[in-house]
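K.L.:
entry_31.cif is reproduced in full below (mmCIF, C-alpha atoms and all ligand atoms).
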```cif
data_run
loop_
_atom_site.label_atom_id
_atom_site.label_comp_id
_atom_site.auth_asym_id
_atom_site.auth_seq_id
_atom_site.Cartn_x
_atom_site.Cartn_y
_atom_site.Cartn_z
CA MET B 717 -24.31 24.60 59.12
CA LEU B 718 -22.25 22.17 61.13
CA GLU B 719 -18.61 22.95 61.75
CA THR B 720 -16.21 21.27 59.37
CA ASN B 721 -12.98 22.13 61.12
CA ILE B 722 -11.24 19.70 63.43
CA GLU B 723 -8.78 22.19 64.90
CA LYS B 724 -7.37 21.24 68.29
CA LYS B 725 -9.98 21.63 70.93
CA LYS B 726 -9.94 20.54 74.51
CA TYR B 727 -12.94 18.26 74.54
CA ASP B 728 -13.45 17.38 70.89
CA VAL B 729 -11.81 14.53 69.05
CA ASP B 730 -8.24 14.88 67.64
CA GLU B 731 -7.08 13.67 64.22
CA GLN B 732 -6.22 10.24 65.56
CA GLY B 733 -9.67 9.82 66.99
CA PHE B 734 -8.76 10.45 70.61
CA TYR B 735 -10.56 12.40 73.29
CA GLY B 736 -7.66 12.88 75.70
CA GLU B 737 -6.51 9.35 76.49
CA PHE B 738 -9.76 7.74 75.29
CA GLY B 739 -10.93 6.66 71.84
CA GLY B 740 -8.81 5.49 68.93
CA ALA B 741 -9.44 2.40 66.82
CA PHE B 742 -8.42 -0.88 68.47
CA ILE B 743 -9.68 -3.37 65.94
CA PRO B 744 -8.75 -6.74 64.46
CA GLU B 745 -6.53 -6.40 61.41
CA MET B 746 -9.25 -7.91 59.22
CA LEU B 747 -11.48 -4.95 59.97
CA TYR B 748 -8.86 -2.33 59.30
CA PRO B 749 -9.63 -1.70 55.58
CA ASN B 750 -13.34 -1.08 56.29
CA VAL B 751 -12.75 1.32 59.14
CA GLU B 752 -9.92 3.09 57.34
CA HIS B 753 -12.08 3.55 54.24
CA LEU B 754 -14.73 5.20 56.38
CA ARG B 755 -12.23 7.29 58.34
CA LYS B 756 -10.72 8.77 55.20
CA GLN B 757 -14.06 9.81 53.73
CA TYR B 758 -16.60 10.57 56.42
CA LEU B 759 -15.88 14.27 56.93
CA GLU B 760 -15.58 15.07 53.28
CA ILE B 761 -18.85 13.30 52.46
CA MET B 762 -20.75 14.69 55.47
CA TYR B 763 -19.97 18.28 54.62
CA GLU B 764 -20.57 18.18 50.87
CA PRO B 765 -23.26 20.78 50.19
CA GLU B 766 -25.42 18.18 48.42
CA PHE B 767 -25.17 15.81 51.37
CA GLN B 768 -26.07 18.54 53.83
CA LYS B 769 -29.01 19.57 51.68
CA GLU B 770 -30.40 16.05 51.58
CA PHE B 771 -29.68 15.41 55.28
CA ARG B 772 -31.34 18.67 56.34
CA ALA B 773 -34.37 18.07 54.13
CA LEU B 774 -34.95 14.61 55.62
CA LEU B 775 -34.48 15.88 59.17
CA LYS B 776 -37.12 18.48 58.47
CA ASP B 777 -39.73 16.63 56.43
CA TYR B 778 -39.21 13.00 57.49
CA VAL B 779 -38.02 13.22 61.10
CA GLY B 780 -40.02 16.35 61.91
CA ARG B 781 -37.20 18.64 63.00
CA PRO B 782 -36.56 21.04 64.54
CA SER B 783 -37.76 19.29 67.66
CA PRO B 784 -39.44 21.80 69.97
CA LEU B 785 -37.71 23.33 72.96
CA TYR B 786 -40.47 23.43 75.53
CA PHE B 787 -40.46 25.54 78.68
CA ALA B 788 -41.89 23.22 81.33
CA LYS B 789 -43.73 25.68 83.50
CA LYS B 790 -45.05 23.42 86.22
CA LEU B 791 -41.84 21.44 86.51
CA SER B 792 -39.91 24.70 86.73
CA ALA B 793 -42.15 25.97 89.51
CA HIS B 794 -41.73 22.70 91.39
CA TYR B 795 -37.93 22.89 91.29
CA ASN B 796 -37.87 26.68 91.57
CA THR B 797 -35.76 27.13 88.45
CA LYS B 798 -36.21 27.32 84.66
CA ILE B 799 -36.44 23.95 82.97
CA TYR B 800 -36.60 23.57 79.19
CA LEU B 801 -37.23 20.20 77.56
CA LYS B 802 -35.62 19.39 74.22
CA ARG B 803 -38.31 17.22 72.67
CA GLU B 804 -36.44 14.43 70.85
CA ASP B 805 -39.36 12.21 71.84
CA LEU B 806 -41.40 13.89 69.10
CA ASN B 807 -39.10 12.68 66.32
CA HIS B 808 -40.28 10.02 63.89
CA THR B 809 -39.77 6.59 65.58
CA GLY B 810 -39.85 8.27 68.98
CA ALA B 811 -36.28 9.10 69.92
CA HIS B 812 -33.04 10.81 68.92
CA LYS B 813 -31.62 7.64 67.31
CA ILE B 814 -33.13 8.50 63.92
CA ASN B 815 -30.88 11.59 63.57
CA ASN B 816 -27.85 9.30 63.36
CA THR B 817 -29.36 6.57 61.18
CA ILE B 818 -30.57 9.15 58.63
CA GLY B 819 -27.04 10.54 58.45
CA GLN B 820 -25.40 7.14 58.15
CA ILE B 821 -27.76 5.83 55.46
CA LEU B 822 -26.98 8.84 53.26
CA LEU B 823 -23.29 8.26 53.91
CA ALA B 824 -23.61 4.55 53.03
CA LYS B 825 -25.21 5.43 49.70
CA ARG B 826 -22.40 7.80 48.84
CA LEU B 827 -19.86 5.13 49.77
CA GLY B 828 -21.57 2.90 47.21
CA LYS B 829 -22.83 0.39 49.79
CA HIS B 830 -26.12 -1.40 49.20
CA ARG B 831 -26.24 -3.70 52.22
CA ILE B 832 -26.67 -2.37 55.78
CA ILE B 833 -25.94 -4.23 58.99
CA ALA B 834 -26.60 -3.15 62.56
CA GLU B 835 -26.59 -4.61 66.04
CA THR B 836 -29.37 -3.97 68.50
CA GLY B 837 -30.12 -4.73 72.14
CA ALA B 838 -33.67 -3.76 72.89
CA GLY B 839 -34.39 -3.14 69.25
CA GLN B 840 -34.57 0.66 69.28
CA HIS B 841 -31.50 1.13 67.11
CA GLY B 842 -32.61 -1.82 64.98
CA VAL B 843 -35.94 -0.12 64.32
CA ALA B 844 -34.27 3.22 63.52
CA THR B 845 -31.95 1.42 61.10
CA ALA B 846 -34.71 -0.65 59.48
CA THR B 847 -36.67 2.57 59.03
CA VAL B 848 -33.95 4.37 57.09
CA CYS B 849 -33.15 1.26 55.03
CA ALA B 850 -36.78 1.15 53.92
CA LEU B 851 -36.56 4.85 53.14
CA ALA B 852 -33.40 4.42 51.08
CA GLY B 853 -34.32 1.08 49.55
CA LEU B 854 -31.28 -0.75 50.94
CA GLU B 855 -31.05 -4.30 52.27
CA CYS B 856 -31.10 -4.39 56.08
CA ILE B 857 -29.75 -7.10 58.38
CA VAL B 858 -30.05 -6.61 62.12
CA PHE B 859 -28.14 -8.83 64.55
CA MET B 860 -29.88 -9.34 67.85
CA GLY B 861 -29.24 -11.67 70.77
CA GLU B 862 -31.61 -14.63 70.91
CA VAL B 863 -32.62 -13.68 74.46
CA ASP B 864 -33.35 -10.09 73.36
CA ILE B 865 -35.42 -11.33 70.41
CA GLU B 866 -37.65 -13.13 72.88
CA ARG B 867 -38.04 -10.27 75.34
CA GLN B 868 -38.38 -7.50 72.73
CA ALA B 869 -40.97 -9.08 70.45
CA PRO B 870 -42.76 -5.84 69.41
CA ASN B 871 -39.54 -4.28 68.12
CA VAL B 872 -38.64 -7.47 66.27
CA ALA B 873 -42.04 -7.31 64.59
CA ARG B 874 -41.49 -3.64 63.72
CA MET B 875 -38.16 -4.40 62.06
CA ARG B 876 -39.69 -7.23 60.04
CA MET B 877 -42.65 -5.05 59.06
CA LEU B 878 -40.11 -2.52 57.75
CA GLY B 879 -38.52 -5.22 55.62
CA ALA B 880 -35.44 -5.98 57.72
CA LYS B 881 -34.00 -9.42 58.36
CA VAL B 882 -33.43 -10.07 62.07
CA VAL B 883 -30.61 -12.55 62.67
CA PRO B 884 -30.35 -14.16 66.12
CA ALA B 885 -26.97 -14.18 67.89
CA LYS B 886 -26.78 -17.55 69.60
CA SER B 887 -23.42 -17.40 71.34
CA GLY B 888 -22.44 -16.29 74.85
CA SER B 889 -25.16 -14.62 76.89
CA ARG B 890 -27.14 -14.17 73.63
CA THR B 891 -27.56 -10.42 74.23
CA LEU B 892 -26.17 -7.15 72.86
CA LYS B 893 -22.45 -7.89 73.03
CA ASP B 894 -22.93 -11.17 71.16
CA ALA B 895 -25.00 -9.39 68.52
CA THR B 896 -22.15 -6.86 68.19
CA ASN B 897 -19.64 -9.68 67.65
CA GLU B 898 -21.84 -11.18 64.92
CA ALA B 899 -22.15 -7.81 63.19
CA ILE B 900 -18.36 -7.33 63.22
CA ARG B 901 -17.86 -10.84 61.82
CA ASP B 902 -20.34 -10.11 59.05
CA TRP B 903 -18.60 -6.83 58.19
CA ILE B 904 -15.23 -8.56 57.95
CA ASN B 905 -16.75 -11.07 55.52
CA ASN B 906 -18.54 -8.43 53.42
CA PRO B 907 -16.18 -5.47 53.26
CA ASN B 908 -17.10 -4.19 49.82
CA ASP B 909 -20.86 -3.87 49.69
CA THR B 910 -21.74 -3.46 53.39
CA HIS B 911 -21.92 -0.50 55.76
CA TYR B 912 -22.19 -1.11 59.50
CA ILE B 913 -24.46 1.43 61.22
CA ILE B 914 -23.42 1.76 64.87
CA GLY B 915 -26.12 3.30 67.05
CA SER B 916 -24.22 5.36 69.62
CA VAL B 917 -20.99 7.29 70.14
CA VAL B 918 -19.10 4.03 70.66
CA GLY B 919 -16.92 1.78 68.53
CA PRO B 920 -13.65 2.52 66.75
CA HIS B 921 -12.83 5.98 65.38
CA PRO B 922 -14.46 7.51 63.32
CA TYR B 923 -17.78 6.21 64.69
CA PRO B 924 -17.93 8.20 67.96
CA ASP B 925 -17.09 11.43 66.17
CA MET B 926 -19.35 10.71 63.20
CA VAL B 927 -22.35 9.85 65.38
CA ALA B 928 -21.72 12.88 67.63
CA ARG B 929 -21.70 15.14 64.56
CA PHE B 930 -24.97 13.72 63.26
CA GLN B 931 -26.55 14.12 66.70
CA SER B 932 -25.10 17.61 67.15
CA VAL B 933 -28.18 18.97 65.40
CA ILE B 934 -29.75 18.79 68.88
CA SER B 935 -27.50 21.47 70.42
CA GLU B 936 -27.39 23.39 67.15
CA GLU B 937 -31.16 23.87 67.43
CA MET B 938 -30.98 24.51 71.17
CA LYS B 939 -28.77 27.55 70.52
CA TRP B 940 -31.24 29.45 68.38
CA GLN B 941 -34.26 28.18 70.28
CA LEU B 942 -32.81 29.41 73.58
CA LYS B 943 -31.89 32.70 71.97
CA GLU B 944 -35.49 33.09 70.81
CA GLN B 945 -37.00 32.16 74.16
CA THR B 946 -34.52 33.48 76.73
CA GLY B 947 -32.52 36.06 74.81
CA LYS B 948 -29.25 34.16 75.04
CA GLU B 949 -27.84 31.11 73.27
CA ASP B 950 -26.28 29.44 76.27
CA PRO B 951 -28.08 27.58 79.02
CA ASP B 952 -26.50 27.29 82.45
CA THR B 953 -26.94 23.54 82.65
CA ILE B 954 -27.63 20.66 80.24
CA ILE B 955 -28.78 17.29 81.57
CA ALA B 956 -28.89 14.07 79.52
CA CYS B 957 -28.94 10.35 80.19
CA VAL B 958 -26.01 8.25 78.99
CA GLY B 959 -26.14 4.72 77.65
CA GLY B 960 -23.41 4.80 75.03
CA GLY B 961 -23.81 8.56 75.07
CA SER B 962 -25.21 9.70 71.73
CA ASN B 963 -28.12 11.84 72.89
CA ALA B 964 -25.87 13.45 75.50
CA ALA B 965 -23.15 14.01 72.90
CA GLY B 966 -25.69 15.73 70.64
CA ALA B 967 -27.02 17.91 73.45
CA PHE B 968 -23.52 18.85 74.69
CA TYR B 969 -21.75 19.15 71.32
CA HIS B 970 -21.88 22.88 70.59
CA TYR B 971 -21.24 23.72 74.24
CA LEU B 972 -18.28 21.44 74.86
CA GLU B 973 -15.68 24.19 74.77
CA ASN B 974 -17.84 26.70 76.62
CA GLU B 975 -17.00 25.81 80.19
CA LYS B 976 -19.59 28.18 81.61
CA VAL B 977 -22.22 25.67 80.52
CA LYS B 978 -22.47 22.89 83.08
CA LEU B 979 -22.83 19.42 81.56
CA VAL B 980 -24.56 16.68 83.53
CA ALA B 981 -24.46 13.03 82.46
CA VAL B 982 -26.87 10.59 84.07
CA GLU B 983 -26.15 6.88 84.29
CA ALA B 984 -28.37 3.99 85.31
CA SER B 985 -27.64 2.63 88.78
CA GLY B 986 -30.04 -0.29 88.33
CA LEU B 987 -30.86 -1.75 91.73
CA GLY B 988 -28.01 0.27 93.30
CA ASN B 989 -24.28 0.52 92.60
CA ASP B 990 -23.35 -1.86 95.43
CA THR B 991 -25.77 -4.63 94.41
CA GLY B 992 -23.91 -6.03 91.42
CA LYS B 993 -26.94 -4.99 89.36
CA SER B 994 -26.02 -1.64 87.85
CA ALA B 995 -24.90 -0.02 84.63
CA ALA B 996 -23.13 3.01 86.17
CA THR B 997 -19.95 2.69 84.13
CA SER B 998 -18.18 5.84 85.31
CA VAL B 999 -18.50 4.73 88.94
CA LEU B 1000 -17.97 0.98 88.57
CA GLY B 1001 -15.83 0.92 85.44
CA SER B 1002 -12.14 1.14 84.69
CA LYS B 1003 -10.03 1.88 81.63
CA GLY B 1004 -9.90 -0.72 78.91
CA VAL B 1005 -10.86 -1.46 75.33
CA LEU B 1006 -14.50 -2.09 74.44
CA HIS B 1007 -15.90 -2.46 70.92
CA GLY B 1008 -12.80 -0.98 69.34
CA SER B 1009 -12.15 2.05 71.50
CA ARG B 1010 -10.26 2.80 74.68
CA THR B 1011 -12.81 3.90 77.20
CA LEU B 1012 -14.30 3.23 80.63
CA LEU B 1013 -16.01 -0.11 80.92
CA MET B 1014 -17.28 -2.51 83.54
CA GLN B 1015 -14.86 -5.41 83.70
CA THR B 1016 -13.53 -8.02 86.09
CA GLU B 1017 -9.95 -7.83 87.34
CA ASP B 1018 -8.79 -10.07 84.52
CA GLY B 1019 -10.49 -7.93 81.90
CA GLN B 1020 -13.71 -9.86 81.22
CA VAL B 1021 -16.59 -7.55 80.36
CA GLU B 1022 -19.18 -7.62 83.14
CA GLU B 1023 -22.90 -7.90 82.43
CA PRO B 1024 -24.50 -4.56 83.19
CA TYR B 1025 -28.02 -4.23 84.50
CA SER B 1026 -30.66 -1.55 84.12
CA ILE B 1027 -34.43 -1.68 83.78
CA SER B 1028 -34.03 0.49 80.70
CA ALA B 1029 -32.59 -1.39 77.75
CA GLY B 1030 -30.99 1.71 76.23
CA LEU B 1031 -28.82 2.30 79.31
CA ASP B 1032 -27.98 -1.37 79.83
CA TYR B 1033 -24.51 -1.16 78.29
CA PRO B 1034 -21.17 -2.06 79.95
CA GLY B 1035 -19.30 1.01 78.66
CA ILE B 1036 -19.65 4.66 77.77
CA GLY B 1037 -18.34 6.34 74.64
CA PRO B 1038 -14.79 7.76 74.71
CA MET B 1039 -16.02 11.36 74.57
CA HIS B 1040 -17.88 10.85 77.83
CA SER B 1041 -14.98 9.02 79.48
CA HIS B 1042 -12.91 12.12 78.73
CA LEU B 1043 -15.59 14.64 79.76
CA ILE B 1044 -16.11 12.85 83.05
CA GLY B 1045 -12.46 12.02 83.65
CA SER B 1046 -11.41 15.63 83.09
CA GLY B 1047 -14.17 17.01 85.28
CA ARG B 1048 -15.84 18.83 82.37
CA ALA B 1049 -19.03 16.85 82.91
CA GLU B 1050 -20.56 15.91 86.22
CA VAL B 1051 -22.13 12.45 86.65
CA PHE B 1052 -25.19 11.40 88.57
CA GLY B 1053 -26.83 8.01 88.86
CA ALA B 1054 -30.48 7.09 89.10
CA THR B 1055 -31.86 3.70 90.10
CA ASP B 1056 -34.64 1.78 88.36
CA GLU B 1057 -37.09 2.84 91.00
CA GLU B 1058 -36.10 6.50 90.97
CA ALA B 1059 -36.48 6.54 87.19
CA LEU B 1060 -39.90 4.90 87.31
CA HIS B 1061 -41.18 7.46 89.81
CA ALA B 1062 -39.66 10.31 87.83
CA ALA B 1063 -41.47 9.07 84.70
CA ARG B 1064 -44.80 9.09 86.49
CA PHE B 1065 -44.14 12.49 87.99
CA LEU B 1066 -43.37 13.99 84.57
CA ALA B 1067 -46.47 12.36 83.08
CA LYS B 1068 -48.72 13.89 85.73
CA MET B 1069 -46.92 17.21 85.84
CA GLU B 1070 -46.47 17.98 82.16
CA GLY B 1071 -48.54 15.40 80.25
CA ILE B 1072 -45.44 13.76 78.78
CA ILE B 1073 -44.66 10.06 79.22
CA PRO B 1074 -40.90 9.72 78.76
CA ALA B 1075 -38.84 6.70 77.76
CA LEU B 1076 -37.39 4.91 80.77
CA GLU B 1077 -33.90 5.94 79.67
CA THR B 1078 -34.90 9.60 79.72
CA ALA B 1079 -36.69 9.15 83.05
CA HIS B 1080 -33.26 8.62 84.65
CA ALA B 1081 -32.33 12.18 83.66
CA PHE B 1082 -35.52 13.50 85.24
CA ALA B 1083 -34.80 11.57 88.43
CA VAL B 1084 -31.65 13.59 89.14
CA LEU B 1085 -33.61 16.86 89.30
CA ASP B 1086 -34.32 15.76 92.87
CA LYS B 1087 -30.60 15.37 93.59
CA MET B 1088 -29.42 18.71 92.24
CA THR B 1089 -29.77 22.24 93.51
CA PHE B 1090 -30.69 25.07 91.17
CA GLU B 1091 -30.69 28.84 91.18
CA LYS B 1092 -34.01 30.54 90.56
CA ASP B 1093 -32.88 32.10 87.28
CA GLU B 1094 -30.81 29.14 86.12
CA VAL B 1095 -31.65 27.96 82.60
CA VAL B 1096 -31.64 24.17 82.61
CA VAL B 1097 -32.11 22.15 79.43
CA LEU B 1098 -33.02 18.51 79.84
CA ASN B 1099 -32.69 16.42 76.71
CA LEU B 1100 -35.92 14.43 76.46
CA SER B 1101 -34.33 11.65 74.40
CA GLY B 1102 -37.39 9.48 73.77
CA ARG B 1103 -41.04 8.75 74.37
CA GLY B 1104 -42.39 6.09 76.68
CA ASP B 1105 -44.70 4.07 74.42
CA LYS B 1106 -42.18 1.24 74.27
CA ASP B 1107 -42.03 1.13 78.08
CA LEU B 1108 -45.72 1.09 78.74
CA THR B 1109 -45.86 -2.55 79.90
CA THR B 1110 -43.11 -1.80 82.43
CA TYR B 1111 -45.08 1.20 83.70
CA ILE B 1112 -48.30 -0.84 83.79
CA ASP B 1113 -46.65 -3.58 85.85
CA PHE B 1114 -44.87 -1.27 88.28
CA PHE B 1115 -47.75 1.12 88.93
CA LYS B 1116 -50.44 -1.55 88.56
CA LEU B 1117 -52.23 0.63 86.01
CA ASN B 1118 -54.47 -2.20 84.89
CA GLY B 1119 -55.74 -3.00 88.38
C1 LIG U 1 -31.01 4.27 73.03
C2 LIG U 1 -31.56 5.32 73.90
C3 LIG U 1 -30.77 6.00 74.86
C4 LIG U 1 -29.34 5.63 75.14
O1 LIG U 1 -28.48 5.79 74.08
P1 LIG U 1 -27.45 7.01 73.99
O2 LIG U 1 -26.56 6.63 72.87
O3 LIG U 1 -26.73 7.07 75.30
O4 LIG U 1 -28.22 8.24 73.75
C5 LIG U 1 -31.35 7.02 75.59
N1 LIG U 1 -32.64 7.36 75.43
C6 LIG U 1 -33.44 6.73 74.54
C7 LIG U 1 -34.86 7.16 74.42
C8 LIG U 1 -32.93 5.69 73.75
O5 LIG U 1 -33.73 5.08 72.87
#
```
How would this structure read if it were set down as structure tokens?
P.N.:
Amino acid sequence: MLETNIEKKKYDVDEQGFYGEFGGAFIPEMLYPNVEHLRKQYLEIMYEPEFQKEFRALLKDYVGRPSPLYFAKKLSAHYNTKIYLKREDLNHTGAHKINNTIGQILLAKRLGKHRIIAETGAGQHGVATATVCALAGLECIVFMGEVDIERQAPNVARMRMLGAKVVPAKSGSRTLKDATNEAIRDWINNPNDTHYIIGSVVGPHPYPDMVARFQSVISEEMKWQLKEQTGKEDPDTIIACVGGGSNAAGAFYHYLENEKVKLVAVEASGLGNDTGKSAATSVLGSKGVLHGSRTLLMQTEDGQVEEPYSISAGLDYPGIGPMHSHLIGSGRAEVFGATDEEALHAARFLAKMEGIIPALETAHAFAVLDKMTFEKDEVVVLNLSGRGDKDLTTYIDFFKLNG
């Protein structure tokens, strides 16, 4: 079972929704009733035995959990250490995102909501949301920037196939942040019947904590799987890529307070951190408020959010969740960056080495294996957040696989 207590811990959220100096709920007054309603009820609902029973059953029979923990023998030999891969890529819909959307759809039903809204950038969270709405028989509206709708056509088609309505955001740069604004506006206008499913550990409290708890099934499984395979529950090192930070939060969750376990967060450096084309928030960002929480974000001196850049849509976000701002700021987690090119080569290396084509996001985590040093007996778990099917055209173009 998940832990229900929120006693004071060093790295977990406090009652006000803060991780150290980061987090909280900085929202327009109009949104306050919705967020407050959720804040008051989420823990109670999530830990009802009936809820847990239904959540666990869907994770098992619909998502396909537990996801395997795979000892990557050849990769381990190459890096002269012990590397285990947590196979979130084998989940239904191909990534960890479904763990959170399954949790939130069950929560929405118990809150009496029958209309679901979500924002999406590349469409991955939109697809995961459309999937669970179909499953639960709830209306689904996904806001997506007009530019993203054009460049992510297959995911738009998937969402429509699943019965969702995709609404274009036509303001600003017509990308993720504009879609987020549209979703917030919709929620303000439909407070009674609508639940807003946020896709990462971002947004106002209680979202970061709620999403982290749903994703914490990842490290919960890691504990017993490691025990089975290595004889002890704790790895020495956990590596995960960070966009908003939900797969990393899930992989770190049950080890946060155990400081013997080294936590490594990997950000996207795009074309390089000094090129103006990067998404490495912890290096390039500063403190501010983004999407309702105080966190690190990329902004100009007068506080305008800067456009991030990464070849991988899931890491192309101008902030990181407040939990990660705190983990990094306090030194609990170490950060590495990987460029587009390093990630692409790491993806191909993994494919040839282990027969696994990772998502481009995940490939960033693999790229830092080259930048770290390991002990021979070190147990390293890398969270394999998603599969690479969606990135195949990028791989084809870069490696000229059609030629
Ligand atoms: C969306 C996505 C990410 C980034 O999101 P987080 O919230 O940081 O986990 C990483 N990997 C994959 C495969 C994704 O789809």
K.L.:
Which protein, DNA or RNA residues are at most 7 Å from (-31.6, 10.7, 71.9) in the file's coordinates when you count all atoms listed in the file, listed as JSON, numbers by chain?
P.N.:
{"B": [804, 811, 812, 813, 962, 963, 1101, 1102]}
K.L.:
Could you turn the residues from that selection into a file that holds C-alpha atoms, as a compact mmCIF listing (two decimals), keeping the file's coordinate frame?
P.N.:
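Saved as out_35.txt:
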```
# COMPACT_ATOMS: atom_id res chain seq x y z
CA GLU B 804 -36.44 14.43 70.85
CA ALA B 811 -36.28 9.10 69.92
CA HIS B 812 -33.04 10.81 68.92
CA LYS B 813 -31.62 7.64 67.31
CA SER B 962 -25.21 9.70 71.73
CA ASN B 963 -28.12 11.84 72.89
CA SER B 1101 -34.33 11.65 74.40
CA GLY B 1102 -37.39 9.48 73.77
```
K.L.:
Distance CA of Gln820 in chain B-CA of Met1039 in chain B, one decimal place?
P.N.:
19.4 Å
K.L.:
Sorted by chain and rising residue number, list the residues of chain B at most 6 Å from ligand LIG 1 (chain U) (counting all atoms listed in the file), each with its closest atom pair and distance in Å to one decimal, as JSON lines.
P.N.:
```
{"residue": "B:Ala811", "atom": "CA", "partner": "U:LIG1", "partner_atom": "C7", "distance": 5.1}
{"residue": "B:Gln840", "atom": "CA", "partner": "U:LIG1", "partner_atom": "O5", "distance": 5.8}
{"residue": "B:Ser916", "atom": "CA", "partner": "U:LIG1", "partner_atom": "O2", "distance": 4.2}
{"residue": "B:Val958", "atom": "CA", "partner": "U:LIG1", "partner_atom": "O3", "distance": 3.9}
{"residue": "B:Gly959", "atom": "CA", "partner": "U:LIG1", "partner_atom": "O3", "distance": 3.4}
{"residue": "B:Gly960", "atom": "CA", "partner": "U:LIG1", "partner_atom": "O3", "distance": 4.0}
{"residue": "B:Gly961", "atom": "CA", "partner": "U:LIG1", "partner_atom": "O3", "distance": 3.3}
{"residue": "B:Ser962", "atom": "CA", "partner": "U:LIG1", "partner_atom": "O2", "distance": 3.5}
{"residue": "B:Asn963", "atom": "CA", "partner": "U:LIG1", "partner_atom": "O4", "distance": 3.7}
{"residue": "B:Ala964", "atom": "CA", "partner": "U:LIG1", "partner_atom": "O4", "distance": 6.0}
{"residue": "B:Gly1030", "atom": "CA", "partner": "U:LIG1", "partner_atom": "C1", "distance": 4.1}
{"residue": "B:Leu1031", "atom": "CA", "partner": "U:LIG1", "partner_atom": "C4", "distance": 5.4}
{"residue": "B:Ala1075", "atom": "CA", "partner": "U:LIG1", "partner_atom": "C7", "distance": 5.2}
{"residue": "B:Glu1077", "atom": "CA", "partner": "U:LIG1", "partner_atom": "N1", "distance": 4.6}
{"residue": "B:Thr1078", "atom": "CA", "partner": "U:LIG1", "partner_atom": "N1", "distance": 5.3}
{"residue": "B:Ser1101", "atom": "CA", "partner": "U:LIG1", "partner_atom": "C7", "distance": 4.5}
{"residue": "B:Gly1102", "atom": "CA", "partner": "U:LIG1", "partner_atom": "C7", "distance": 3.5}
```
K.L.:
Any chance you can output those residues with C-alpha atoms as an mmCIF file, in the frame of the given file?
P.N.:
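Final output, again-v4.cif:
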```cif
data_model
loop_
_atom_site.group_PDB
_atom_site.id
_atom_site.type_symbol
_atom_site.label_atom_id
_atom_site.label_comp_id
_atom_site.auth_asym_id
_atom_site.auth_seq_id
_atom_site.Cartn_x
_atom_site.Cartn_y
_atom_site.Cartn_z
ATOM 1 C CA ALA B 811 -36.280 9.100 69.920
ATOM 2 C CA GLN B 840 -34.570 0.660 69.280
ATOM 3 C CA SER B 916 -24.220 5.360 69.620
ATOM 4 C CA VAL B 958 -26.010 8.250 78.990
ATOM 5 C CA GLY B 959 -26.140 4.720 77.650
ATOM 6 C CA GLY B 960 -23.410 4.800 75.030
ATOM 7 C CA GLY B 961 -23.810 8.560 75.070
ATOM 8 C CA SER B 962 -25.210 9.700 71.730
ATOM 9 C CA ASN B 963 -28.120 11.840 72.890
ATOM 10 C CA ALA B 964 -25.870 13.450 75.500
ATOM 11 C CA GLY B 1030 -30.990 1.710 76.230
ATOM 12 C CA LEU B 1031 -28.820 2.300 79.310
ATOM 13 C CA ALA B 1075 -38.840 6.700 77.760
ATOM 14 C CA GLU B 1077 -33.900 5.940 79.670
ATOM 15 C CA THR B 1078 -34.900 9.600 79.720
ATOM 16 C CA SER B 1101 -34.330 11.650 74.400
ATOM 17 C CA GLY B 1102 -37.390 9.480 73.770
#
```
K.L.:
What does the structure give for the distance between CA of Gly879 in chain B and CA of Ala850 in chain B, in Å to one decimal?
P.N.:
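Rounded to one decimal, the two atoms are 6.8 Å apart.
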K.L.:
Counting only C-alpha atoms, which residue out of B:Asp864, B:Ala1083, B:Tyr795, B:Leu942 sits closest to Ala1029 in chain B?
P.N.:
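Among B:Asp864, B:Ala1083, B:Tyr795, B:Leu942, it is B:Asp864 that comes nearest to Ala1029 in chain B.
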K.L.:
Report the distance between CA of Leu878 in chain B and CA of Val779 in chain B in Å, rounded to one decimal place.
P.N.:
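Going from CA of Leu878 in chain B over to CA of Val779 in chain B covers 16.2 Å.
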K.L.:
Can you list, as a ChimeraX atom specification, every protein, DNA or RNA residue that comes within 10 Å of Asn908 in chain B when you count only C-alpha atoms, leaving out same-chain residues fewer than 5 positions away?
P.N.:
/B:749-750,827-831,903
K.L.:
Would you pick out the contacts of Arg1064 in chain B at 9 Å or less, using all atoms listed in the file, so that residues sharing its chain but fewer than 6 positions from it are not included, and give the list as a ChimeraX atom specification?
P.N.:
/B:1073-1074,1079,1111,1115
K.L.:
Taking 4 positions as the minimum chain separation for residues in the same chain, which residues sit within 7 Å of Val982 in chain B when counting all atoms listed in the file? Answer as a list in words.
P.N.:
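Listing them by chain and then by number gives Ala956, Cys957, Val958, Val1051, Phe1052, Gly1053, His1080 and Ala1081 of chain B.
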K.L.:
Restricting the calculation to all atoms listed in the file, which member of B:Ala965, B:Ile904, B:Ala869, B:Val751 is positioned closest to Gln931 in chain B?
P.N.:
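Selected residue with least distance to Gln931 in chain B: B:Ala965.
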K.L.:
Using all atoms listed in the file, which residue out of B:Gly1104, B:Gly986, B:Gly842, B:Pro907 lies closest to Met860 in chain B?
P.N.:
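Closest to Met860 in chain B of all the choices is B:Gly842.
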K.L.:
Rank nothing, just name the residue among B:His970, B:Ala838, B:Pro924, B:Ser1046 nearest to Trp940 in chain B, using only C-alpha atoms.
P.N.:
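The closest residue to Trp940 in chain B is B:His970.
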K.L.:
Using 8 Å as the limit and counting all atoms listed in the file, can you tabulate each residue of range 895-1010 of chain B that touches range 1092-1096 of chain B, with its shortest atom-to-atom distance in Å and the two atoms involved, as a Markdown table?
P.N.:
```
| residue | atom | partner | partner_atom | distance |
| --- | --- | --- | --- | --- |
| B:Pro951 | CA | B:Val1095 | CA | 5.1 |
| B:Asp952 | CA | B:Val1095 | CA | 5.2 |
| B:Thr953 | CA | B:Val1096 | CA | 4.7 |
| B:Ile954 | CA | B:Val1096 | CA | 5.8 |
| B:Ile955 | CA | B:Val1096 | CA | 7.5 |
```
